[in-house]
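Engineer: entry-v6.txt is reproduced in full below (compact mmCIF, N, CA and C atoms).
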# COMPACT_ATOMS: atom_id res chain seq x y z
N MET G 73 -19.31 11.04 -8.80
CA MET G 73 -19.20 10.12 -7.70
C MET G 73 -19.42 10.87 -6.39
N THR G 74 -20.55 10.66 -5.78
CA THR G 74 -20.94 11.37 -4.57
C THR G 74 -20.30 10.72 -3.34
N LEU G 75 -19.80 11.57 -2.46
CA LEU G 75 -19.17 11.11 -1.22
C LEU G 75 -19.70 11.97 -0.08
N VAL G 76 -20.20 11.32 0.96
CA VAL G 76 -20.66 12.02 2.16
C VAL G 76 -19.51 11.95 3.17
N ILE G 77 -19.11 13.10 3.67
CA ILE G 77 -18.02 13.16 4.64
C ILE G 77 -18.57 13.80 5.91
N GLU G 78 -18.35 13.12 7.04
CA GLU G 78 -18.89 13.59 8.31
C GLU G 78 -17.80 13.70 9.36
N LEU G 79 -17.94 14.71 10.19
CA LEU G 79 -17.14 14.82 11.41
C LEU G 79 -18.02 14.25 12.51
N ARG G 80 -17.53 13.20 13.18
CA ARG G 80 -18.34 12.51 14.18
C ARG G 80 -17.64 12.49 15.53
N ARG G 81 -18.45 12.48 16.56
CA ARG G 81 -17.93 12.29 17.91
C ARG G 81 -18.32 10.88 18.35
N GLY G 82 -17.33 10.10 18.71
CA GLY G 82 -17.58 8.75 19.21
C GLY G 82 -17.83 8.81 20.71
N VAL G 83 -18.26 7.71 21.25
CA VAL G 83 -18.49 7.61 22.68
C VAL G 83 -17.21 7.10 23.31
N SER G 84 -16.63 7.89 24.18
CA SER G 84 -15.39 7.51 24.84
C SER G 84 -15.72 6.76 26.13
N THR G 85 -15.04 5.63 26.32
CA THR G 85 -15.21 4.87 27.55
C THR G 85 -14.05 5.11 28.50
N ALA G 86 -13.08 5.88 28.07
CA ALA G 86 -11.91 6.16 28.90
C ALA G 86 -12.22 7.29 29.88
N ARG G 87 -11.50 7.30 30.98
CA ARG G 87 -11.62 8.41 31.92
C ARG G 87 -10.87 9.59 31.34
N THR G 88 -11.55 10.68 31.19
CA THR G 88 -10.97 11.83 30.50
C THR G 88 -10.44 12.89 31.44
N GLY G 89 -10.85 12.88 32.69
CA GLY G 89 -10.41 13.90 33.62
C GLY G 89 -11.21 15.18 33.51
N ARG G 90 -12.24 15.20 32.67
CA ARG G 90 -13.04 16.41 32.54
C ARG G 90 -13.96 16.54 33.74
N LYS G 91 -14.44 17.75 33.96
CA LYS G 91 -15.33 18.00 35.09
C LYS G 91 -16.66 17.29 34.90
N SER G 92 -17.37 17.10 36.01
CA SER G 92 -18.65 16.41 35.93
C SER G 92 -19.65 17.22 35.13
N GLY G 93 -20.65 16.54 34.67
CA GLY G 93 -21.69 17.17 33.86
C GLY G 93 -22.08 16.21 32.77
N PRO G 94 -23.02 16.61 31.94
CA PRO G 94 -23.44 15.70 30.88
C PRO G 94 -22.30 15.48 29.88
N PRO G 95 -22.19 14.28 29.35
CA PRO G 95 -21.14 14.01 28.37
C PRO G 95 -21.43 14.76 27.06
N PRO G 96 -20.39 15.03 26.28
CA PRO G 96 -20.62 15.67 24.98
C PRO G 96 -21.50 14.78 24.10
N ALA G 97 -22.28 15.39 23.27
CA ALA G 97 -23.18 14.64 22.39
C ALA G 97 -22.36 13.79 21.41
N ALA G 98 -22.79 12.55 21.24
CA ALA G 98 -22.14 11.66 20.28
C ALA G 98 -22.91 11.72 18.97
N GLY G 99 -22.26 11.31 17.90
CA GLY G 99 -22.90 11.28 16.59
C GLY G 99 -22.30 12.29 15.64
N THR G 100 -23.03 12.59 14.58
CA THR G 100 -22.55 13.49 13.54
C THR G 100 -22.62 14.93 14.00
N LEU G 101 -21.48 15.62 13.89
CA LEU G 101 -21.41 17.04 14.26
C LEU G 101 -21.54 17.93 13.03
N GLU G 102 -20.88 17.54 11.95
CA GLU G 102 -20.93 18.31 10.69
C GLU G 102 -20.90 17.34 9.54
N ARG G 103 -21.44 17.79 8.39
CA ARG G 103 -21.50 16.93 7.21
C ARG G 103 -21.33 17.77 5.95
N ILE G 104 -20.57 17.24 5.02
CA ILE G 104 -20.49 17.83 3.68
C ILE G 104 -20.73 16.71 2.67
N VAL G 105 -21.24 17.08 1.52
CA VAL G 105 -21.44 16.14 0.43
C VAL G 105 -20.66 16.69 -0.76
N VAL G 106 -19.78 15.85 -1.32
CA VAL G 106 -18.96 16.28 -2.46
C VAL G 106 -19.27 15.39 -3.66
N ASP G 107 -19.28 16.01 -4.81
CA ASP G 107 -19.52 15.30 -6.07
C ASP G 107 -18.28 15.38 -6.93
N GLY G 108 -17.26 14.62 -6.58
CA GLY G 108 -16.05 14.59 -7.38
C GLY G 108 -14.98 15.58 -6.99
N GLU G 109 -15.28 16.53 -6.11
CA GLU G 109 -14.28 17.54 -5.74
C GLU G 109 -13.07 16.91 -5.06
N LEU G 110 -13.29 15.92 -4.21
CA LEU G 110 -12.16 15.29 -3.52
C LEU G 110 -11.26 14.56 -4.51
N TRP G 111 -11.88 13.84 -5.46
CA TRP G 111 -11.08 13.09 -6.44
C TRP G 111 -10.33 14.05 -7.37
N ALA G 112 -10.96 15.17 -7.73
CA ALA G 112 -10.28 16.18 -8.56
C ALA G 112 -9.10 16.78 -7.79
N ALA G 113 -9.28 17.03 -6.50
CA ALA G 113 -8.19 17.56 -5.69
C ALA G 113 -7.03 16.57 -5.61
N LEU G 114 -7.35 15.28 -5.49
CA LEU G 114 -6.30 14.26 -5.46
C LEU G 114 -5.51 14.23 -6.76
N GLU G 115 -6.20 14.40 -7.88
CA GLU G 115 -5.52 14.41 -9.18
C GLU G 115 -4.64 15.66 -9.31
N THR G 116 -5.15 16.80 -8.86
CA THR G 116 -4.40 18.05 -8.97
C THR G 116 -3.16 18.03 -8.09
N LEU G 117 -3.31 17.57 -6.85
CA LEU G 117 -2.21 17.59 -5.89
C LEU G 117 -1.30 16.38 -6.00
N GLY G 118 -1.79 15.31 -6.60
CA GLY G 118 -1.02 14.08 -6.74
C GLY G 118 -1.43 13.05 -5.71
N ARG G 119 -1.98 11.94 -6.20
CA ARG G 119 -2.44 10.88 -5.30
C ARG G 119 -1.30 10.35 -4.44
N HIS G 120 -0.08 10.33 -4.99
CA HIS G 120 1.07 9.83 -4.24
C HIS G 120 1.44 10.74 -3.08
N ARG G 121 1.03 12.00 -3.13
CA ARG G 121 1.32 12.93 -2.03
C ARG G 121 0.26 12.88 -0.94
N LEU G 122 -0.89 12.31 -1.25
CA LEU G 122 -2.01 12.22 -0.29
C LEU G 122 -2.50 10.77 -0.19
N PRO G 123 -1.62 9.85 0.22
CA PRO G 123 -2.02 8.43 0.22
C PRO G 123 -3.18 8.12 1.17
N THR G 124 -3.32 8.85 2.26
CA THR G 124 -4.41 8.58 3.19
C THR G 124 -5.75 8.84 2.52
N LEU G 125 -5.88 9.97 1.84
CA LEU G 125 -7.14 10.27 1.14
C LEU G 125 -7.30 9.43 -0.12
N ALA G 126 -6.19 9.06 -0.75
CA ALA G 126 -6.26 8.22 -1.95
C ALA G 126 -6.80 6.83 -1.61
N ASP G 127 -6.64 6.40 -0.36
CA ASP G 127 -7.12 5.09 0.06
C ASP G 127 -8.61 5.07 0.44
N VAL G 128 -9.27 6.23 0.44
CA VAL G 128 -10.70 6.28 0.75
C VAL G 128 -11.46 5.52 -0.33
N ASP G 129 -12.33 4.61 0.10
CA ASP G 129 -13.12 3.80 -0.82
C ASP G 129 -14.29 4.62 -1.36
N PRO G 130 -14.32 4.90 -2.67
CA PRO G 130 -15.40 5.73 -3.22
C PRO G 130 -16.77 5.04 -3.20
N TYR G 131 -16.80 3.72 -2.99
CA TYR G 131 -18.07 3.00 -3.01
C TYR G 131 -18.41 2.37 -1.66
N GLY G 132 -17.58 2.61 -0.65
CA GLY G 132 -17.81 2.01 0.66
C GLY G 132 -17.63 3.03 1.76
N ASP G 133 -17.38 2.53 2.95
CA ASP G 133 -17.22 3.39 4.13
C ASP G 133 -15.77 3.34 4.61
N THR G 134 -15.24 4.50 4.95
CA THR G 134 -13.89 4.62 5.48
C THR G 134 -13.97 5.52 6.69
N LEU G 135 -13.29 5.15 7.77
CA LEU G 135 -13.27 5.92 9.00
C LEU G 135 -11.83 6.26 9.36
N LEU G 136 -11.55 7.55 9.55
CA LEU G 136 -10.21 7.99 9.94
C LEU G 136 -10.26 8.51 11.37
N ARG G 137 -9.32 8.05 12.18
CA ARG G 137 -9.18 8.55 13.55
C ARG G 137 -7.74 8.32 13.98
N GLY G 138 -7.36 8.98 15.05
CA GLY G 138 -6.03 8.78 15.63
C GLY G 138 -4.90 9.05 14.66
N GLU G 139 -4.02 8.06 14.49
CA GLU G 139 -2.85 8.20 13.64
C GLU G 139 -3.21 8.47 12.18
N ALA G 140 -4.29 7.88 11.70
CA ALA G 140 -4.71 8.11 10.31
C ALA G 140 -5.06 9.58 10.09
N VAL G 141 -5.72 10.20 11.06
CA VAL G 141 -6.05 11.62 10.95
C VAL G 141 -4.77 12.45 11.01
N ASP G 142 -3.85 12.11 11.91
CA ASP G 142 -2.57 12.82 11.98
C ASP G 142 -1.84 12.76 10.65
N ARG G 143 -1.82 11.58 10.04
CA ARG G 143 -1.15 11.39 8.75
C ARG G 143 -1.81 12.24 7.68
N MET G 144 -3.17 12.26 7.64
CA MET G 144 -3.89 13.06 6.65
C MET G 144 -3.56 14.54 6.82
N VAL G 145 -3.53 15.02 8.06
CA VAL G 145 -3.22 16.44 8.32
C VAL G 145 -1.82 16.76 7.84
N ARG G 146 -0.84 15.92 8.14
CA ARG G 146 0.53 16.16 7.69
C ARG G 146 0.61 16.20 6.16
N GLU G 147 -0.09 15.29 5.51
CA GLU G 147 -0.09 15.26 4.05
C GLU G 147 -0.72 16.53 3.47
N LEU G 148 -1.83 16.97 4.03
CA LEU G 148 -2.50 18.18 3.53
C LEU G 148 -1.67 19.43 3.81
N GLU G 149 -1.08 19.51 5.00
CA GLU G 149 -0.25 20.67 5.34
C GLU G 149 0.98 20.76 4.44
N GLY G 150 1.46 19.63 3.95
CA GLY G 150 2.62 19.62 3.06
C GLY G 150 2.27 19.81 1.60
N SER G 151 1.00 20.00 1.28
CA SER G 151 0.56 20.15 -0.11
C SER G 151 0.34 21.62 -0.45
N ASP G 152 0.42 21.92 -1.73
CA ASP G 152 0.19 23.28 -2.23
C ASP G 152 -1.30 23.44 -2.53
N LEU G 153 -2.07 23.78 -1.49
CA LEU G 153 -3.52 23.87 -1.64
C LEU G 153 -3.95 25.04 -2.52
N ALA G 154 -3.06 25.98 -2.77
CA ALA G 154 -3.37 27.12 -3.63
C ALA G 154 -3.61 26.68 -5.08
N ARG G 155 -3.18 25.49 -5.44
CA ARG G 155 -3.38 24.99 -6.80
C ARG G 155 -4.81 24.51 -7.05
N LEU G 156 -5.60 24.39 -6.01
CA LEU G 156 -6.95 23.85 -6.14
C LEU G 156 -7.95 24.92 -6.58
N ARG G 157 -8.97 24.48 -7.32
CA ARG G 157 -10.06 25.37 -7.69
C ARG G 157 -10.97 25.56 -6.48
N ASP G 158 -11.93 26.44 -6.59
CA ASP G 158 -12.76 26.85 -5.45
C ASP G 158 -13.43 25.69 -4.72
N ALA G 159 -14.21 24.87 -5.43
CA ALA G 159 -14.94 23.79 -4.77
C ALA G 159 -13.99 22.75 -4.19
N GLU G 160 -12.91 22.44 -4.91
CA GLU G 160 -11.90 21.50 -4.42
C GLU G 160 -11.23 22.05 -3.17
N SER G 161 -10.88 23.32 -3.23
CA SER G 161 -10.22 23.97 -2.10
C SER G 161 -11.11 23.97 -0.86
N GLN G 162 -12.38 24.23 -1.06
CA GLN G 162 -13.32 24.26 0.05
C GLN G 162 -13.43 22.89 0.72
N ALA G 163 -13.52 21.82 -0.08
CA ALA G 163 -13.62 20.47 0.48
C ALA G 163 -12.36 20.09 1.22
N VAL G 164 -11.19 20.35 0.64
CA VAL G 164 -9.92 19.99 1.27
C VAL G 164 -9.67 20.85 2.50
N SER G 165 -10.02 22.12 2.46
CA SER G 165 -9.85 22.99 3.63
C SER G 165 -10.73 22.53 4.78
N THR G 166 -11.94 22.07 4.47
CA THR G 166 -12.82 21.53 5.51
C THR G 166 -12.20 20.29 6.13
N LEU G 167 -11.67 19.39 5.30
CA LEU G 167 -11.02 18.19 5.83
C LEU G 167 -9.83 18.53 6.72
N LEU G 168 -9.05 19.51 6.31
CA LEU G 168 -7.90 19.93 7.12
C LEU G 168 -8.36 20.50 8.46
N ALA G 169 -9.38 21.34 8.44
CA ALA G 169 -9.91 21.92 9.68
C ALA G 169 -10.46 20.83 10.59
N TRP G 170 -11.19 19.87 10.02
CA TRP G 170 -11.71 18.77 10.83
C TRP G 170 -10.58 17.93 11.38
N GLY G 171 -9.54 17.71 10.58
CA GLY G 171 -8.40 16.93 11.05
C GLY G 171 -7.72 17.60 12.23
N LEU G 172 -7.60 18.91 12.19
CA LEU G 172 -7.00 19.64 13.30
C LEU G 172 -7.88 19.54 14.55
N ARG G 173 -9.19 19.57 14.36
CA ARG G 173 -10.10 19.38 15.50
C ARG G 173 -9.97 17.98 16.08
N CYS G 174 -9.82 16.99 15.21
CA CYS G 174 -9.65 15.61 15.67
C CYS G 174 -8.38 15.43 16.48
N ARG G 175 -7.34 16.14 16.09
CA ARG G 175 -6.09 16.09 16.86
C ARG G 175 -6.29 16.64 18.27
N ALA G 176 -7.09 17.69 18.38
CA ALA G 176 -7.31 18.34 19.67
C ALA G 176 -8.31 17.58 20.53
N GLU G 177 -9.29 16.94 19.90
CA GLU G 177 -10.33 16.21 20.63
C GLU G 177 -10.28 14.75 20.16
N LYS G 178 -9.68 13.92 20.95
CA LYS G 178 -9.39 12.53 20.55
C LYS G 178 -10.62 11.68 20.29
N ASP G 179 -11.79 12.10 20.73
CA ASP G 179 -13.00 11.30 20.47
C ASP G 179 -13.67 11.66 19.14
N LEU G 180 -13.07 12.57 18.37
CA LEU G 180 -13.61 12.92 17.06
C LEU G 180 -13.00 12.04 15.98
N ARG G 181 -13.77 11.81 14.92
CA ARG G 181 -13.29 11.03 13.79
C ARG G 181 -13.92 11.56 12.51
N ILE G 182 -13.33 11.22 11.38
CA ILE G 182 -13.84 11.64 10.08
C ILE G 182 -14.31 10.39 9.34
N ALA G 183 -15.57 10.40 8.92
CA ALA G 183 -16.16 9.25 8.22
C ALA G 183 -16.47 9.62 6.77
N PHE G 184 -16.12 8.71 5.86
CA PHE G 184 -16.40 8.88 4.45
C PHE G 184 -17.37 7.76 4.04
N SER G 185 -18.45 8.11 3.35
CA SER G 185 -19.41 7.12 2.87
C SER G 185 -19.64 7.34 1.38
N GLY G 186 -19.20 6.39 0.60
CA GLY G 186 -19.39 6.47 -0.84
C GLY G 186 -20.78 5.99 -1.24
N GLU G 187 -21.28 6.55 -2.32
CA GLU G 187 -22.62 6.16 -2.79
C GLU G 187 -22.55 5.77 -4.25
What does the file become when written as structure tokens?
Structural biologist:
Amino acid sequence: MTLVIELRRGVSTARTGRKSGPPPAAGTLERIVVDGELWAALETLGRHRLPTLADVDPYGDTLLRGEAVDRMVRELEGSDLARLRDAESQAVSTLLAWGLRCRAEKDLRIAFSGE
């Protein structure tokens, strides 16, 4: 089951207080494609411990931002990621890193697209 996961920058309409200059580029910043690694990680760590990721639609589109990203980060930080195999660990570590970036930059979001 292939899943495309992207870190995206949305277009902010709010006043940010940043200095003048060109706005940050919107759109996809980074992309990974996983073939079952996320679902294997959920089984290893327990779907009940990662409800935010367990709710990702494997055949549709899911977008995480704001509180949903905060919840995902808390769930991942509370999990024993050392139990994961290499490919699973790499996918989950990327999601955690992106989640931390989303916390710091409020216009970032994580998009999941199932195929």
Engineer: In Å to one decimal, how far is atom C of Leu172 (chain G) from CA of Ala159 (chain G)?
Structural biologist: 21.0 Å
Engineer: As a PDB file with N, CA and C atoms, keeping the file's coordinate frame, please: the residues near Arg181 (chain G) (cut-off 7 Å, only N, CA and C atoms, same-chain neighbours under 4 positions excluded).
Structural biologist:
ATOM      1  N   GLU G  78     -18.350  13.120   7.040  1.00  0.00           N
ATOM      2  CA  GLU G  78     -18.890  13.590   8.310  1.00  0.00           C
ATOM      3  C   GLU G  78     -17.800  13.700   9.360  1.00  0.00           C
ATOM      4  N   LEU G  79     -17.940  14.710  10.190  1.00  0.00           N
ATOM      5  CA  LEU G  79     -17.140  14.820  11.410  1.00  0.00           C
ATOM      6  C   LEU G  79     -18.020  14.250  12.510  1.00  0.00           C
ATOM      7  N   ARG G  80     -17.530  13.200  13.180  1.00  0.00           N
ATOM      8  CA  ARG G  80     -18.340  12.510  14.180  1.00  0.00           C
ATOM      9  C   ARG G  80     -17.640  12.490  15.530  1.00  0.00           C
ATOM     10  N   ARG G  81     -18.450  12.480  16.560  1.00  0.00           N
ATOM     11  CA  ARG G  81     -17.930  12.290  17.910  1.00  0.00           C
ATOM     12  C   ARG G  81     -18.320  10.880  18.350  1.00  0.00           C
ATOM     13  N   GLY G  82     -17.330  10.100  18.710  1.00  0.00           N
ATOM     14  CA  GLY G  82     -17.580   8.750  19.210  1.00  0.00           C
ATOM     15  C   GLY G  82     -17.830   8.810  20.710  1.00  0.00           C
ATOM     16  N   LEU G 135     -13.290   5.150   7.770  1.00  0.00           N
ATOM     17  CA  LEU G 135     -13.270   5.920   9.000  1.00  0.00           C
ATOM     18  C   LEU G 135     -11.830   6.260   9.360  1.00  0.00           C
ATOM     19  N   LEU G 136     -11.550   7.550   9.550  1.00  0.00           N
ATOM     20  CA  LEU G 136     -10.210   7.990   9.940  1.00  0.00           C
ATOM     21  C   LEU G 136     -10.260   8.510  11.370  1.00  0.00           C
ATOM     22  N   ARG G 137      -9.320   8.050  12.180  1.00  0.00           N
ATOM     23  CA  ARG G 137      -9.180   8.550  13.550  1.00  0.00           C
ATOM     24  C   ARG G 137      -7.740   8.320  13.980  1.00  0.00           C
ATOM     25  N   GLY G 138      -7.360   8.980  15.050  1.00  0.00           N
ATOM     26  CA  GLY G 138      -6.030   8.780  15.630  1.00  0.00           C
ATOM     27  C   GLY G 138      -4.900   9.050  14.660  1.00  0.00           C
ATOM     28  N   CYS G 174      -9.820  16.990  15.210  1.00  0.00           N
ATOM     29  CA  CYS G 174      -9.650  15.610  15.670  1.00  0.00           C
ATOM     30  C   CYS G 174      -8.380  15.430  16.480  1.00  0.00           C
ATOM     31  N   GLU G 177      -9.290  16.940  19.900  1.00  0.00           N
ATOM     32  CA  GLU G 177     -10.330  16.210  20.630  1.00  0.00           C
ATOM     33  C   GLU G 177     -10.280  14.750  20.160  1.00  0.00           C
TER      34      GLU G 177
END
Engineer: Just the number, please: distance in Å from atom N of Glu109 (chain G) to atom N of Glu147 (chain G), one decimal.
Structural biologist: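 Computing the Euclidean distance for atom N of Glu109 (chain G) and atom N of Glu147 (chain G) yields 19.2 Å.
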Engineer: CA of Ile77 (chain G) to atom C of Phe184 (chain G): how many Å, to one decimal?
Structural biologist: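 It comes out at 5.5 Å.
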Engineer: Could you tell me, as a compact mmCIF listing (two decimals) with N, CA and C atoms, in the frame of the given file, which residues of region 124-159 of chain G DSSP assigns to strand (DSSP E or B) when given the backbone?
Structural biologist:
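Result written to states.txt:
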# COMPACT_ATOMS: atom_id res chain seq x y z
N ASP G 133 -17.38 2.53 2.95
CA ASP G 133 -17.22 3.39 4.13
C ASP G 133 -15.77 3.34 4.61
N THR G 134 -15.24 4.50 4.95
CA THR G 134 -13.89 4.62 5.48
C THR G 134 -13.97 5.52 6.69
N LEU G 135 -13.29 5.15 7.77
CA LEU G 135 -13.27 5.92 9.00
C LEU G 135 -11.83 6.26 9.36
N LEU G 136 -11.55 7.55 9.55
CA LEU G 136 -10.21 7.99 9.94
C LEU G 136 -10.26 8.51 11.37
Engineer: Name the residues, using the chain letters and numbers of the file, that sit within 5 Å of (-21.9, 14.6, 1.0) when counting only N, CA and C atoms, and give them as a list in words.
Structural biologist: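 Residues with an atom close enough to that point: Leu75, Val76, Ile77, Ile104, Val105 and Val106 of chain G.
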Engineer: Which polymer residues have any atom within 7 Å of an atom of Asp129 (chain G), counting all atoms listed in the file, with same-chain residues fewer than 3 positions away left out, as an mmCIF file with N, CA and C atoms, keeping the file's coordinate frame?
Structural biologist:
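Saved the output as result36.cif:
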data_model
loop_
_atom_site.group_PDB
_atom_site.id
_atom_site.type_symbol
_atom_site.label_atom_id
_atom_site.label_comp_id
_atom_site.auth_asym_id
_atom_site.auth_seq_id
_atom_site.Cartn_x
_atom_site.Cartn_y
_atom_site.Cartn_z
ATOM 1 N N LEU G 125 -5.880 9.970 1.840
ATOM 2 C CA LEU G 125 -7.140 10.270 1.140
ATOM 3 C C LEU G 125 -7.300 9.430 -0.120
ATOM 4 N N ALA G 126 -6.190 9.060 -0.750
ATOM 5 C CA ALA G 126 -6.260 8.220 -1.950
ATOM 6 C C ALA G 126 -6.800 6.830 -1.610
ATOM 7 N N GLY G 132 -17.580 2.610 -0.650
ATOM 8 C CA GLY G 132 -17.810 2.010 0.660
ATOM 9 C C GLY G 132 -17.630 3.030 1.760
ATOM 10 N N ASP G 133 -17.380 2.530 2.950
ATOM 11 C CA ASP G 133 -17.220 3.390 4.130
ATOM 12 C C ASP G 133 -15.770 3.340 4.610
ATOM 13 N N THR G 134 -15.240 4.500 4.950
ATOM 14 C CA THR G 134 -13.890 4.620 5.480
ATOM 15 C C THR G 134 -13.970 5.520 6.690
ATOM 16 N N PHE G 184 -16.120 8.710 5.860
ATOM 17 C CA PHE G 184 -16.400 8.880 4.450
ATOM 18 C C PHE G 184 -17.370 7.760 4.040
ATOM 19 N N SER G 185 -18.450 8.110 3.350
ATOM 20 C CA SER G 185 -19.410 7.120 2.870
ATOM 21 C C SER G 185 -19.640 7.340 1.380
ATOM 22 N N GLY G 186 -19.200 6.390 0.600
ATOM 23 C CA GLY G 186 -19.390 6.470 -0.840
ATOM 24 C C GLY G 186 -20.780 5.990 -1.240
#
Engineer: Which of region 102-151 of chain G end up as helix (DSSP H, G or I) when DSSP is run on this backbone - answer as a ChimeraX atom specification?
Structural biologist: /G:109-117,119-121,123-126,139-149
Engineer: Go through G:Arg103, G:Arg173, G:Arg157, G:Arg143 and flag the residue nearest Thr116 (chain G), using only C-alpha atoms for the distances.
Structural biologist: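 Closest residue, counting only C-alpha atoms: G:Arg157.
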